Amino acid sequence: MSPAPFLNRQGLYLRPDPARVVVRQFKPATEPRDLHATDKSRANHIVNRVLALDAATVASQLAEVLENFQGRHRNLLQIFEARADEMEDALTAHASFTREQRRLVGAYFLHEYSFEAAALFNPSIVAHLDQSGAPAGGRRFILSLRAVGEGHVSSLTFRSGCIAADGSVSIDPTARLASIPKVTSRISGPDGDEVELIFGPDEDISERVIFPVTDLQSNGVEDARFVEFDDDGDRIYYATYTAYSGRAIRSELLQTRDFLSFRMSPLRGDAASNKGMALFPRRIDGRYAMIARQDNENLYLLYSDDLYSWNGGVAILKPRFPWEFVQIGNCGSPIEIDEGWLLLTHGVGPVRKYSIGAVLLDKSNPSRVIASAREPLIKPEPSEREGYVPNVVYTCGAMRHEDQIILPYAVADTFSSFATIRIAALMASMQGR
């Protein structure tokens with residue numbers, strides 16, 4: 001049992017499912033990255049072999065592909081055509097194509113990817129934009145999760161669910177299919193690409209998977225910290241996340257109003273070269289505010305007049321207790337409660353053991369720490385410590401509902417679960433600084 005009497009662990013687990021797949025670009029290893037055609041490239045060899053088939057064989061091969069894969073994906077023929085369109089530069093070196101040949105060529109340059117085969121973890125949670133159907137006294141929510149598949153590539157996936165009046169949490173059934181969005185705009189800049197994405201309106205939220213779409217993200221979109229931002233009465237969902245290229249990390253920002261269309265933008269400034277940034281849910285004294293970790297050890301408070309530019313900051317939290325002596329970091333955006341800003345933190349202790357803690361910041365001056373939990377709210381239990389990365393519990397964001405905090409958290413960087421926290425009891429347990 002947890003040592004925190006105010007915390008209730010839910011018997012609900014979200015585990016990775018290798019049966020959930022999307023189709024992604026396949027690029028033969030020796031072809032140029034941009035797929036420009038040359039007679040010697042593997043891409044051209046494959047295209048030439050398709051063009052050498054007679055019409056009947058092309059039709060039968062395409063029919064066989066559809067028979068094998070159509071039930072696993074939406075609009076598979078359109079996906080084949082879209083892949084052929086992406087390869088237009090490679091195809092122009094060849095004779096004209098029939099529609100069936102283009103579709104078959106597109107199929108040869110795609111592959112299925114099990115995006116959550118290895119892990120489903122580091123969740124964050126926000127209130128659902130559509131509260132119709134919410135239980136009496138309860139609330140619907142959207143959960144984001146980091147999914148990891150082959151090659152340790154991280155993507156962003158979603159679930160929806162409800163918190164009931166009695167504090168019990170339920171997750172809506174997960175769609176069998178999964179899909180990636182269409183890139184509708186890409187603008188290159190000195191700090192990286194700004195990209196706009198859109199999903200189909202008929203795709204359930206649990207179908208939507210956001211994969212890396214820029215070079216700076218090529219190995220992962222990691223640890224999204226979602227927050228419902230109050231922009232003078234206008235509701236916008238933001239998420240800070242870590243873009244990982246396989247060599248370097250940086251912080252970027254995701255924006256959406258409907259969880260159908262998204263904008264991914266790079267952040268500027270010296271703070272953006274680190275990970276673990278979390279945006280406050282509203283402006284403070286007219287300025288944006290962020291919790292960040294500049295030095296891999298302490299937590300900083302940053303202000304900015306520009307949502308996309310972050311510099312400097314002042315250290316407000318340093319490791320204090322044995323369970324956080326190695327480093328501390330934030331576990332999502334601060335949550336506004338009557339007493340101040342509740343900031344969930346993570347601490348790293350002996351044997352690289354990650355635990356989740358909490359501090360209370362002054363509402364008008366968040367640089368002032370009012371109180372803190374001397375002991376972790378959640379730490380790895382003997383029954384929940386084994387996995388891809390042992391001895392870790394972690395979250396990327398919780399949500400307030402009435403007198404409770406709804407806390408999704410990951411176990412051992414492998415699967416996710418939930419806990420609920422009574423705010424009054426938590427406040428009573430925290431000690432002043």
# chains A, B, ... in the order shown; residues from 1 in each chain; ligands from 1

call {"tool": "residues_around", "arguments": {"residues": "Tyr288 in chain A", "least_positions_apart": "4", "cutoff": "9 Å", "atoms": "only C-alpha atoms", "output": "PDB file with C-alpha atoms, in the first residue's frame"}}
result
ATOM      1  CA  LEU A 279       3.544  25.803 -19.090  1.00  0.00           C
ATOM      2  CA  PHE A 280       1.319  27.430 -16.452  1.00  0.00           C
ATOM      3  CA  PRO A 281      -2.384  27.235 -17.428  1.00  0.00           C
ATOM      4  CA  ARG A 282      -2.775  31.026 -17.621  1.00  0.00           C
ATOM      5  CA  ARG A 283      -0.702  34.189 -17.763  1.00  0.00           C
ATOM      6  CA  ILE A 284       0.658  35.612 -14.516  1.00  0.00           C
ATOM      7  CA  LEU A 302      10.689  31.478 -16.340  1.00  0.00           C
ATOM      8  CA  TYR A 303       8.569  34.337 -17.662  1.00  0.00           C
ATOM      9  CA  SER A 304       8.168  35.439 -21.273  1.00  0.00           C
ATOM     10  CA  ASP A 305       6.102  37.844 -23.338  1.00  0.00           C
ATOM     11  CA  ASP A 306       6.548  35.498 -26.304  1.00  0.00           C
ATOM     12  CA  LEU A 307       5.100  31.994 -26.009  1.00  0.00           C
TER      13      LEU A 307
END

call {"tool": "closest_residue", "arguments": {"among": "A:Trp310, A:Leu299, A:Asn365, A:Tyr409", "to": "Gly269 in chain A", "atoms": "only C-alpha atoms"}}
result
A:Trp310

call {"tool": "residues_around", "arguments": {"residues": "range 47-56 of chain A", "least_positions_apart": "3", "cutoff": "10 Å", "atoms": "only C-alpha atoms", "output": "list in words"}}
result
Ala37, Asp39, Arg42, Ala43, Asn44, Ala59, Ser60, Gln61, Leu62, Ala90, Leu91, His94, Ala95, Ser96, Phe97, Thr98, Glu100, Gln101, Arg102, Leu104, Val105, Gly106, Tyr108 and Phe109 of chain A

call {"tool": "closest_residue", "arguments": {"among": "A:Ser333, A:Gln25, A:Thr242, A:Asn296", "to": "Ala278 in chain A", "atoms": "only C-alpha atoms"}}
result
A:Ser333

call {"tool": "residues_around", "arguments": {"residues": "Arg374 in chain A", "least_positions_apart": "6", "cutoff": "9 Å", "atoms": "only C-alpha atoms", "output": "MDAnalysis selection string"}}
result
chainID A and resid 320:321 357:358 429:431

call {"tool": "write_last_selection", "arguments": {"atoms": "C-alpha atoms", "output": "CSV table (one decimal), in the first residue's frame"}}
result
chain,number,residue,atom,x,y,z
A,320,ARG,CA,16.3,18.7,-0.5
A,321,PHE,CA,15.2,15.2,0.6
A,357,GLY,CA,6.4,14.4,-5.0
A,358,ALA,CA,4.6,17.7,-4.7
A,429,SER,CA,0.2,16.6,5.0
A,430,MET,CA,2.6,19.2,3.4
A,431,GLN,CA,5.0,21.1,5.5

call {"tool": "closest_residue", "arguments": {"among": "A:Ile210, A:Ile180, A:Cys162, A:Ala118", "to": "Phe415 in chain A", "atoms": "only C-alpha atoms"}}
result
A:Ala118

call {"tool": "atom_distance", "arguments": {"atom1": "CA of Ser114 in chain A", "atom2": "CA of Leu156 in chain A"}}
result
13.0 Å

call {"tool": "residues_around", "arguments": {"residues": "Ala164 in chain A", "least_positions_apart": "2", "cutoff": "7 Å", "atoms": "only C-alpha atoms", "output": "PDB file with N, CA and C atoms, in the first residue's frame"}}
result
ATOM      1  N   PRO A 135     -20.606  11.492 -16.575  1.00  0.00           N
ATOM      2  CA  PRO A 135     -21.460  11.024 -15.485  1.00  0.00           C
ATOM      3  C   PRO A 135     -21.824  12.164 -14.538  1.00  0.00           C
ATOM      4  N   GLY A 137     -21.871  14.523 -11.695  1.00  0.00           N
ATOM      5  CA  GLY A 137     -20.825  14.829 -10.742  1.00  0.00           C
ATOM      6  C   GLY A 137     -19.438  14.440 -11.198  1.00  0.00           C
ATOM      7  N   GLY A 138     -19.332  13.948 -12.435  1.00  0.00           N
ATOM      8  CA  GLY A 138     -18.048  13.510 -12.959  1.00  0.00           C
ATOM      9  C   GLY A 138     -17.587  14.384 -14.112  1.00  0.00           C
ATOM     10  N   ARG A 139     -16.587  13.894 -14.819  1.00  0.00           N
ATOM     11  CA  ARG A 139     -16.005  14.689 -15.890  1.00  0.00           C
ATOM     12  C   ARG A 139     -15.323  13.779 -16.894  1.00  0.00           C
ATOM     13  N   CYS A 162     -13.402   8.826 -18.242  1.00  0.00           N
ATOM     14  CA  CYS A 162     -14.227   9.569 -17.294  1.00  0.00           C
ATOM     15  C   CYS A 162     -13.705   9.408 -15.873  1.00  0.00           C
ATOM     16  N   ASP A 166     -17.494   9.470  -7.462  1.00  0.00           N
ATOM     17  CA  ASP A 166     -16.862   8.786  -6.338  1.00  0.00           C
ATOM     18  C   ASP A 166     -15.353   8.655  -6.484  1.00  0.00           C
ATOM     19  N   GLY A 167     -14.795   9.224  -7.566  1.00  0.00           N
ATOM     20  CA  GLY A 167     -13.354   9.190  -7.754  1.00  0.00           C
ATOM     21  C   GLY A 167     -12.844   8.033  -8.589  1.00  0.00           C
ATOM     22  N   SER A 168     -13.718   7.151  -9.024  1.00  0.00           N
ATOM     23  CA  SER A 168     -13.270   6.033  -9.850  1.00  0.00           C
ATOM     24  C   SER A 168     -13.019   6.502 -11.282  1.00  0.00           C
ATOM     25  N   VAL A 169     -12.009   5.930 -11.910  1.00  0.00           N
ATOM     26  CA  VAL A 169     -11.588   6.303 -13.252  1.00  0.00           C
ATOM     27  C   VAL A 169     -11.899   5.168 -14.215  1.00  0.00           C
TER      28      VAL A 169
END

call {"tool": "atom_distance", "arguments": {"atom1": "CA of Leu12 in chain A", "atom2": "CA of Val411 in chain A"}}
result
12.3 Å

call {"tool": "select_by_dssp", "arguments": {"residues": "range 379-431 of chain A", "states": "helix (DSSP H, G or I)", "output": "list in words"}}
result
Pro382, Ser383, Glu384, Ile423, Ala424, Ala425, Leu426, Met427, Ala428 and Ser429 of chain A

call {"tool": "write_last_selection", "arguments": {"atoms": "N, CA and C atoms", "output": "PDB file, in the first residue's frame"}}
result
ATOM      1  N   PRO A 382       7.013  -2.786  -4.739  1.00  0.00           N
ATOM      2  CA  PRO A 382       7.610  -4.062  -5.156  1.00  0.00           C
ATOM      3  C   PRO A 382       6.874  -4.744  -6.295  1.00  0.00           C
ATOM      4  N   SER A 383       5.544  -4.575  -6.337  1.00  0.00           N
ATOM      5  CA  SER A 383       4.760  -5.225  -7.392  1.00  0.00           C
ATOM      6  C   SER A 383       4.736  -4.412  -8.680  1.00  0.00           C
ATOM      7  N   GLU A 384       5.276  -3.189  -8.679  1.00  0.00           N
ATOM      8  CA  GLU A 384       5.199  -2.295  -9.830  1.00  0.00           C
ATOM      9  C   GLU A 384       6.560  -1.685 -10.159  1.00  0.00           C
ATOM     10  N   ILE A 423      -7.391  16.727  -2.197  1.00  0.00           N
ATOM     11  CA  ILE A 423      -6.596  17.936  -2.092  1.00  0.00           C
ATOM     12  C   ILE A 423      -6.442  18.382  -0.642  1.00  0.00           C
ATOM     13  N   ALA A 424      -7.523  18.391   0.126  1.00  0.00           N
ATOM     14  CA  ALA A 424      -7.449  18.876   1.506  1.00  0.00           C
ATOM     15  C   ALA A 424      -6.493  18.036   2.338  1.00  0.00           C
ATOM     16  N   ALA A 425      -6.541  16.725   2.154  1.00  0.00           N
ATOM     17  CA  ALA A 425      -5.647  15.838   2.911  1.00  0.00           C
ATOM     18  C   ALA A 425      -4.197  16.024   2.484  1.00  0.00           C
ATOM     19  N   LEU A 426      -3.984  16.245   1.192  1.00  0.00           N
ATOM     20  CA  LEU A 426      -2.622  16.494   0.721  1.00  0.00           C
ATOM     21  C   LEU A 426      -2.086  17.784   1.317  1.00  0.00           C
ATOM     22  N   MET A 427      -2.899  18.839   1.299  1.00  0.00           N
ATOM     23  CA  MET A 427      -2.466  20.112   1.873  1.00  0.00           C
ATOM     24  C   MET A 427      -2.121  19.968   3.361  1.00  0.00           C
ATOM     25  N   ALA A 428      -2.930  19.192   4.080  1.00  0.00           N
ATOM     26  CA  ALA A 428      -2.701  19.007   5.516  1.00  0.00           C
ATOM     27  C   ALA A 428      -1.397  18.266   5.786  1.00  0.00           C
ATOM     28  N   SER A 429      -0.969  17.446   4.836  1.00  0.00           N
ATOM     29  CA  SER A 429       0.250  16.649   5.040  1.00  0.00           C
ATOM     30  C   SER A 429       1.527  17.396   4.678  1.00  0.00           C
TER      31      SER A 429
END

call {"tool": "residues_around", "arguments": {"residues": "Ser367 in chain A", "least_positions_apart": "5", "cutoff": "8 Å", "atoms": "only C-alpha atoms", "output": "PyMOL selection string"}}
result
chain A and resi 301+314+316+361-362

call {"tool": "atom_distance", "arguments": {"atom1": "CA of Glu222 in chain A", "atom2": "CA of Pro123 in chain A"}}
result
10.5 Å

call {"tool": "closest_residue", "arguments": {"among": "A:Leu360, A:Met264, A:Val209, A:Ile335", "to": "Ile406 in chain A", "atoms": "only C-alpha atoms"}}
result
A:Ile335

call {"tool": "select_by_dssp", "arguments": {"residues": "range 178-345 of chain A", "states": "strand (DSSP E or B)", "output": "PyMOL selection string"}}
result
chain A and resi 179+182-189+192-198+208-210+220-231+234-244+249-256+261-266+268+278-279+284+287-292+299-304+309+314-317+327-330+335-337+340-345
